[in-house]
Amino acid sequence: MPRSATVVLCCGILAACAAPRPGPATDPAAPGSPEHFPSTYEPLPSTPVLITNATILTGDGKRLDAASILLRDGRIEAVGPNLRAPADAHVVDGSGKWVTPGIIDNHSHLGVYATPAVAAHSDGNEMSGPNTAEVWAEHAVWPQDPGFDAARAGGVTTMQVLPGSANLFGGRTVTLKNVPARTTQAMKFPGAPQGLKMACGENPKRLYGSRQAFPMTRMGDVAGYRMAFSKAFDYREKWRAWADGTVTARPDRDLQLETLVAVLEGEILVHHHCYRADEMAQVLDVAREFGYRVSSFHHATEAYKIGDLLAASDVCASIWADWWGFKLEAWDGIRENAALLHAAGACVVVHSDSDTGIQRLNQEAAKAMASGRNMGIDIDEGEAIRWLTANPARTLGIADRTGTLVPGMMADVVVWDGNPFSVYTRAEKVYIDGALAYDRSDAARQPKSDFMLGIIETTGGLQ
Amino acid sequence: MRPLTPWTLLAALILAVPVQAETVALTGARIHTMGPTGVIDNGTVVIGDGRITAIGAGLAPPPGARVIDASGGVITPGLYDAHGYLGVTEVSLEASTVDRQHVDPRYSAAFEVADAINPRSVLIPINRIEGVTRALVTPAVAPPLPGQARSPVAGLGSVIHLGGSEDFIVGRNAALYADLGESGATAAGGSRSLALLRLREALEDARDLAANRKAWNEGARRPYSASRPDLEALAETLRSGRPVVVTVHRASDIAAALRLAEDFGLNLVISGGSEAWLVAGPLAAAGVPVIIDPIENLPRRFEALGATLENAARLHAAGVTVAFATFRSHNARNMRQAAGNAVAHGLPWDAALAALTVNPARIFGQAASSGSLEARKDADLVLWDGDPLEVTTTATRVFIRGRDIPMVSRHTLLRDRYRDISAPLPPQYRPRGEAP
């Protein structure tokens, strides 16, 4: 079982994990105690599957025609032409079908803003202060959100659930395998690092400004980041001093600063909600000042204005295909954002931030791809699928486990009934760790949340 | 206002001369007329004086016409945004730019969005270069201020064309808008029944006023529940039979709206309609059309527990007239994607295109001039480089009332300006958005 970010974080604080002074690991109140809220995820039962004669987009840029892919024991065993079916394998005829890695949405609020969207389900923004780095999205995720099932029917196998953007520091994110489960721990992607949701611009200043509170300007936004990370530096020093015996009184544990120290240590990945180009540039300088990395900007409607800077900074832009205008910082959002970023050599992710959009991220990528072609930026399907697979995996720190169809990777796979870059194409079979988690032709493989029981039956077919 | 001098009058006349005086012929396309002619292969459409002057297979362009080779392309009527806010909203979260709703409880039915519509809205070119040529500009019911309650009636919406600022309102006060269901209940003071009660009382008062206007003016009539302008607007609605668009989702709320419509002889249109498929039979029997976003499939509210991607297909199969809207007009252009998804979930392709064109035109009394491609109708049409419902297809030319729309928007200017960010001079030195 991989150790949690918290454990690793404390190694960072204590500087010398090999020889910790006695105390912290056995002190349940102190950092360094065993992994908190550990994943209990177990893959669904599976048998070996061979999908034959399909068009395969591998997620690392390649397109294989008339190829096969073998899934066994939760892993991708082989990809290529003319694979022979092992005796124990179930064979799926992929003629006319397309196969891609499972779709990864790195920006979802499923479970924390569940449907129905009633007040009782409003769990995504802890709007009690501009820095709530101590809260964790996973503590609010409702695994019975019907949106998880709808997303799976759209091919989504992994997602990051984030707190909202009301606060400068919204809290820790969680990466989930999109399997039906009774607890959130049973959805947690084993070993995936946590993220920290941060937010730029209008949302924090609108909320706290309306309360005549800090921050009420973009100046306050940036000052808020810097003050918090300064405190985190001091906090880390206190624990280090205690760990090396310089001071004897154990410091008080501060969950908020613990999260920020984990960012400084590189154990928690920063996902920063930011629309305007100038603000992203400011955030990159904050990160440089304090020595942490931004894993991805989210929404980034103006990312195309600084594609060179993002490429040089090795920071992904996680964007919509075409949302714009609902607030002023989204006023310059254009359809060619993804294509212009791609042309600048920057890392592009197409995300949803929507329980509707998550169901058809393939169509969103298709629109972004077509907009690029229309302006002479040639992007093929093999490249565009990365925006939904390998690239979001990279922003979540799981690209070594999922997001590409390469032997040894998790068998997170979608079989589409045609080219996924078409409005008419639908996900037909969705495999998560090699198990058939969704099958459009088999009602027994179309899980429904508890919430949908005993209400209106919508699946009666055409009436 | 300054008096008109002869010079300003002359200038106004010059500006008013239709730029579409030339004759244009598009040739060689597959034309989905959405009219009695159906689909025309290798079709020609001829545009003159803002209208379609001829349409048919293989017609030779008239002498002197500007000929556009449209072979390999697909031509459809321009698309309708059947329920939205083009021209009355710029930035949704900046209240100073939003004019479709208000919080004055004194006014409801008489509130006319027409007076607030800005035909130069930035949203309009962004949507029209992707094929949206007409729009229903609709009022909305704002949540009441704390401690207040108000009518569930939003006011009067209008039909506009997106082809420029000249005569842009083509259907002033074309429909009355109201909310029932959860939104109506919230506005009215907390119950669906209260929203219906307010509406019934106001309609009864409007009837009474219409029948006893003289007595009311002389103060010899009982007090009414609504302001005089509101009752006049309702009375005119009852008299003219203009559509009454009720935003409602739950099947039982739709049934209540049907009863209300029957009692008062309203020309009812359902908008929203997440559970409309559950009452498809009664809707079809009453001839009530439904405006939906066909991709709504989650139980987003307790009034939408029956939402399904097959809503459009089931309504159509039952004989209900369906129109599509995104209800978010910044991206009204994405209606065709929604329509494509409806096709992927059982709606016939032709019915999906009808839901974007001829159906909204019919619902709002515009079919004599738009919604289908027929001789003498307004020349609102779109040339596509493929299947118009496909997400990788692009509109390559758009005509609105015969005007050959420049394929330029604020977004295309940004695109071109930032095409090459390595140019030596900053992008601000490219004043018209051109590439470096």
# chains A, B, ... in the order shown; residues from 1 in each chain; ligands from 1
call {"tool": "residues_around", "arguments": {"residues": "segment 103-105 of chain A", "least_positions_apart": "2", "cutoff": "7 Å", "atoms": "only C-alpha atoms", "output": "CSV table (one decimal) with C-alpha atoms, in the first residue's frame"}}
result
chain,number,residue,atom,x,y,z
A,101,PRO,CA,-7.7,5.0,-22.7
A,107,HIS,CA,-11.8,19.0,-12.9
A,108,SER,CA,-15.0,17.6,-11.4
A,155,GLY,CA,-16.2,6.8,-20.8
A,156,VAL,CA,-14.9,8.5,-17.6
A,157,THR,CA,-12.8,6.1,-15.6
A,158,THR,CA,-10.8,8.5,-13.4
A,159,MET,CA,-11.5,12.0,-12.1
A,160,GLN,CA,-10.2,14.5,-9.7
A,351,HIS,CA,-11.7,19.3,-18.5
A,352,SER,CA,-15.4,19.5,-17.7
A,388,LEU,CA,-8.4,13.7,-22.2
A,389,THR,CA,-6.1,10.9,-21.1
A,392,PRO,CA,-4.8,15.0,-17.3
A,393,ALA,CA,-3.0,11.9,-15.8
call {"tool": "interface_residues", "arguments": {"of": "chain B", "to": "chain A", "cutoff": "6 Å", "atoms": "only C-alpha atoms", "output": "ChimeraX atom specification"}}
result
/B:91-93,299-301,306,314,340,344,390-392,411
call {"tool": "select_by_dssp", "arguments": {"residues": "segment 324-412 of chain A", "states": "helix (DSSP H, G or I)", "output": "VMD selection string"}}
result
chain A and resid 328 to 330 337 to 343 357 to 374 381 to 388 390 to 396
call {"tool": "write_last_selection", "arguments": {"atoms": "N, CA and C atoms", "output": "tab-separated table (two decimals), in the first residue's frame"}}
result
chain	number	residue	atom	x	y	z
A	328	LEU	N	-16.46	38.40	-16.25
A	328	LEU	CA	-15.56	39.19	-17.09
A	328	LEU	C	-14.22	38.50	-17.30
A	329	GLU	N	-13.73	37.78	-16.29
A	329	GLU	CA	-12.43	37.13	-16.47
A	329	GLU	C	-12.50	35.99	-17.49
A	330	ALA	N	-13.72	35.63	-17.91
A	330	ALA	CA	-13.89	34.62	-18.96
A	330	ALA	C	-14.26	35.26	-20.31
A	337	ASN	N	-8.34	28.14	-28.07
A	337	ASN	CA	-7.43	28.10	-26.93
A	337	ASN	C	-6.56	26.84	-26.96
A	338	ALA	N	-7.19	25.68	-27.05
A	338	ALA	CA	-6.45	24.41	-27.01
A	338	ALA	C	-5.46	24.33	-28.17
A	339	ALA	N	-5.94	24.69	-29.36
A	339	ALA	CA	-5.08	24.54	-30.54
A	339	ALA	C	-3.88	25.49	-30.47
A	340	LEU	N	-4.11	26.73	-30.03
A	340	LEU	CA	-3.00	27.68	-29.93
A	340	LEU	C	-1.99	27.22	-28.88
A	341	LEU	N	-2.48	26.67	-27.77
A	341	LEU	CA	-1.57	26.15	-26.75
A	341	LEU	C	-0.77	24.98	-27.31
A	342	HIS	N	-1.47	24.10	-28.00
A	342	HIS	CA	-0.80	22.95	-28.61
A	342	HIS	C	0.32	23.44	-29.55
A	343	ALA	N	-0.02	24.44	-30.36
A	343	ALA	CA	0.96	24.96	-31.31
A	343	ALA	C	2.16	25.59	-30.58
A	357	GLY	N	-20.99	18.29	-18.95
A	357	GLY	CA	-19.82	18.24	-19.84
A	357	GLY	C	-19.00	16.99	-19.66
A	358	ILE	N	-18.93	16.48	-18.44
A	358	ILE	CA	-18.11	15.29	-18.17
A	358	ILE	C	-18.64	14.08	-18.94
A	359	GLN	N	-19.90	14.13	-19.35
A	359	GLN	CA	-20.49	12.99	-20.06
A	359	GLN	C	-20.08	12.93	-21.53
A	360	ARG	N	-19.50	14.01	-22.03
A	360	ARG	CA	-19.13	14.02	-23.45
A	360	ARG	C	-17.85	14.83	-23.67
A	361	LEU	N	-16.84	14.52	-22.87
A	361	LEU	CA	-15.56	15.21	-23.05
A	361	LEU	C	-14.96	14.92	-24.42
A	362	ASN	N	-15.29	13.76	-24.99
A	362	ASN	CA	-14.80	13.44	-26.33
A	362	ASN	C	-15.30	14.46	-27.34
A	363	GLN	N	-16.55	14.89	-27.20
A	363	GLN	CA	-17.08	15.90	-28.12
A	363	GLN	C	-16.43	17.25	-27.88
A	364	GLU	N	-16.13	17.54	-26.63
A	364	GLU	CA	-15.47	18.83	-26.34
A	364	GLU	C	-14.09	18.86	-26.99
A	365	ALA	N	-13.36	17.77	-26.88
A	365	ALA	CA	-12.05	17.71	-27.53
A	365	ALA	C	-12.19	17.79	-29.04
A	366	ALA	N	-13.26	17.19	-29.57
A	366	ALA	CA	-13.48	17.24	-31.02
A	366	ALA	C	-13.68	18.68	-31.49
A	367	LYS	N	-14.45	19.44	-30.74
A	367	LYS	CA	-14.67	20.84	-31.12
A	367	LYS	C	-13.35	21.61	-31.10
A	368	ALA	N	-12.57	21.38	-30.05
A	368	ALA	CA	-11.30	22.10	-29.94
A	368	ALA	C	-10.35	21.71	-31.07
A	369	MET	N	-10.35	20.43	-31.42
A	369	MET	CA	-9.51	19.95	-32.51
A	369	MET	C	-9.94	20.59	-33.84
A	370	ALA	N	-11.25	20.61	-34.08
A	370	ALA	CA	-11.76	21.18	-35.34
A	370	ALA	C	-11.46	22.67	-35.43
A	371	SER	N	-11.55	23.37	-34.31
A	371	SER	CA	-11.25	24.81	-34.33
A	371	SER	C	-9.80	25.05	-34.70
A	372	GLY	N	-8.92	24.16	-34.24
A	372	GLY	CA	-7.52	24.26	-34.61
A	372	GLY	C	-7.32	24.03	-36.10
A	373	ARG	N	-7.95	22.99	-36.61
A	373	ARG	CA	-7.80	22.70	-38.04
A	373	ARG	C	-8.30	23.87	-38.88
A	374	ASN	N	-9.39	24.49	-38.43
A	374	ASN	CA	-9.94	25.61	-39.21
A	374	ASN	C	-8.97	26.78	-39.31
A	381	GLU	N	-6.46	12.91	-34.34
A	381	GLU	CA	-7.19	12.31	-33.22
A	381	GLU	C	-6.23	11.73	-32.19
A	382	GLY	N	-5.14	11.15	-32.68
A	382	GLY	CA	-4.18	10.54	-31.76
A	382	GLY	C	-3.60	11.56	-30.80
A	383	GLU	N	-3.45	12.78	-31.29
A	383	GLU	CA	-2.94	13.85	-30.45
A	383	GLU	C	-4.05	14.40	-29.53
A	384	ALA	N	-5.22	14.62	-30.11
A	384	ALA	CA	-6.30	15.25	-29.34
A	384	ALA	C	-6.76	14.36	-28.18
A	385	ILE	N	-6.63	13.05	-28.33
A	385	ILE	CA	-7.09	12.18	-27.24
A	385	ILE	C	-6.21	12.35	-26.00
A	386	ARG	N	-4.98	12.80	-26.22
A	386	ARG	CA	-4.10	13.05	-25.06
A	386	ARG	C	-4.69	14.07	-24.12
A	387	TRP	N	-5.46	15.02	-24.68
A	387	TRP	CA	-6.05	16.08	-23.85
A	387	TRP	C	-7.00	15.51	-22.80
A	388	LEU	N	-7.46	14.28	-23.06
A	388	LEU	CA	-8.45	13.66	-22.16
A	388	LEU	C	-7.86	12.48	-21.40
A	390	ALA	N	-3.65	11.06	-21.30
A	390	ALA	CA	-2.29	11.15	-20.75
A	390	ALA	C	-2.04	12.50	-20.06
A	391	ASN	N	-2.53	13.58	-20.67
A	391	ASN	CA	-2.24	14.90	-20.08
A	391	ASN	C	-2.92	15.11	-18.74
A	392	PRO	N	-4.23	14.84	-18.62
A	392	PRO	CA	-4.80	14.97	-17.27
A	392	PRO	C	-4.14	14.01	-16.28
A	393	ALA	N	-3.75	12.82	-16.72
A	393	ALA	CA	-3.05	11.90	-15.81
A	393	ALA	C	-1.77	12.54	-15.29
A	394	ARG	N	-1.09	13.24	-16.19
A	394	ARG	CA	0.15	13.93	-15.80
A	394	ARG	C	-0.14	14.97	-14.73
A	395	THR	N	-1.20	15.75	-14.89
A	395	THR	CA	-1.49	16.80	-13.91
A	395	THR	C	-1.86	16.22	-12.55
A	396	LEU	N	-2.32	14.97	-12.55
A	396	LEU	CA	-2.74	14.33	-11.30
A	396	LEU	C	-1.64	13.47	-10.69
call {"tool": "atom_distance", "arguments": {"atom1": "atom CA of Val113 of chain B", "atom2": "atom CA of Arg172 of chain B"}}
result
9.2 Å
call {"tool": "atom_distance", "arguments": {"atom1": "atom CA of His249 of chain B", "atom2": "atom CA of Val290 of chain B"}}
result
10.6 Å
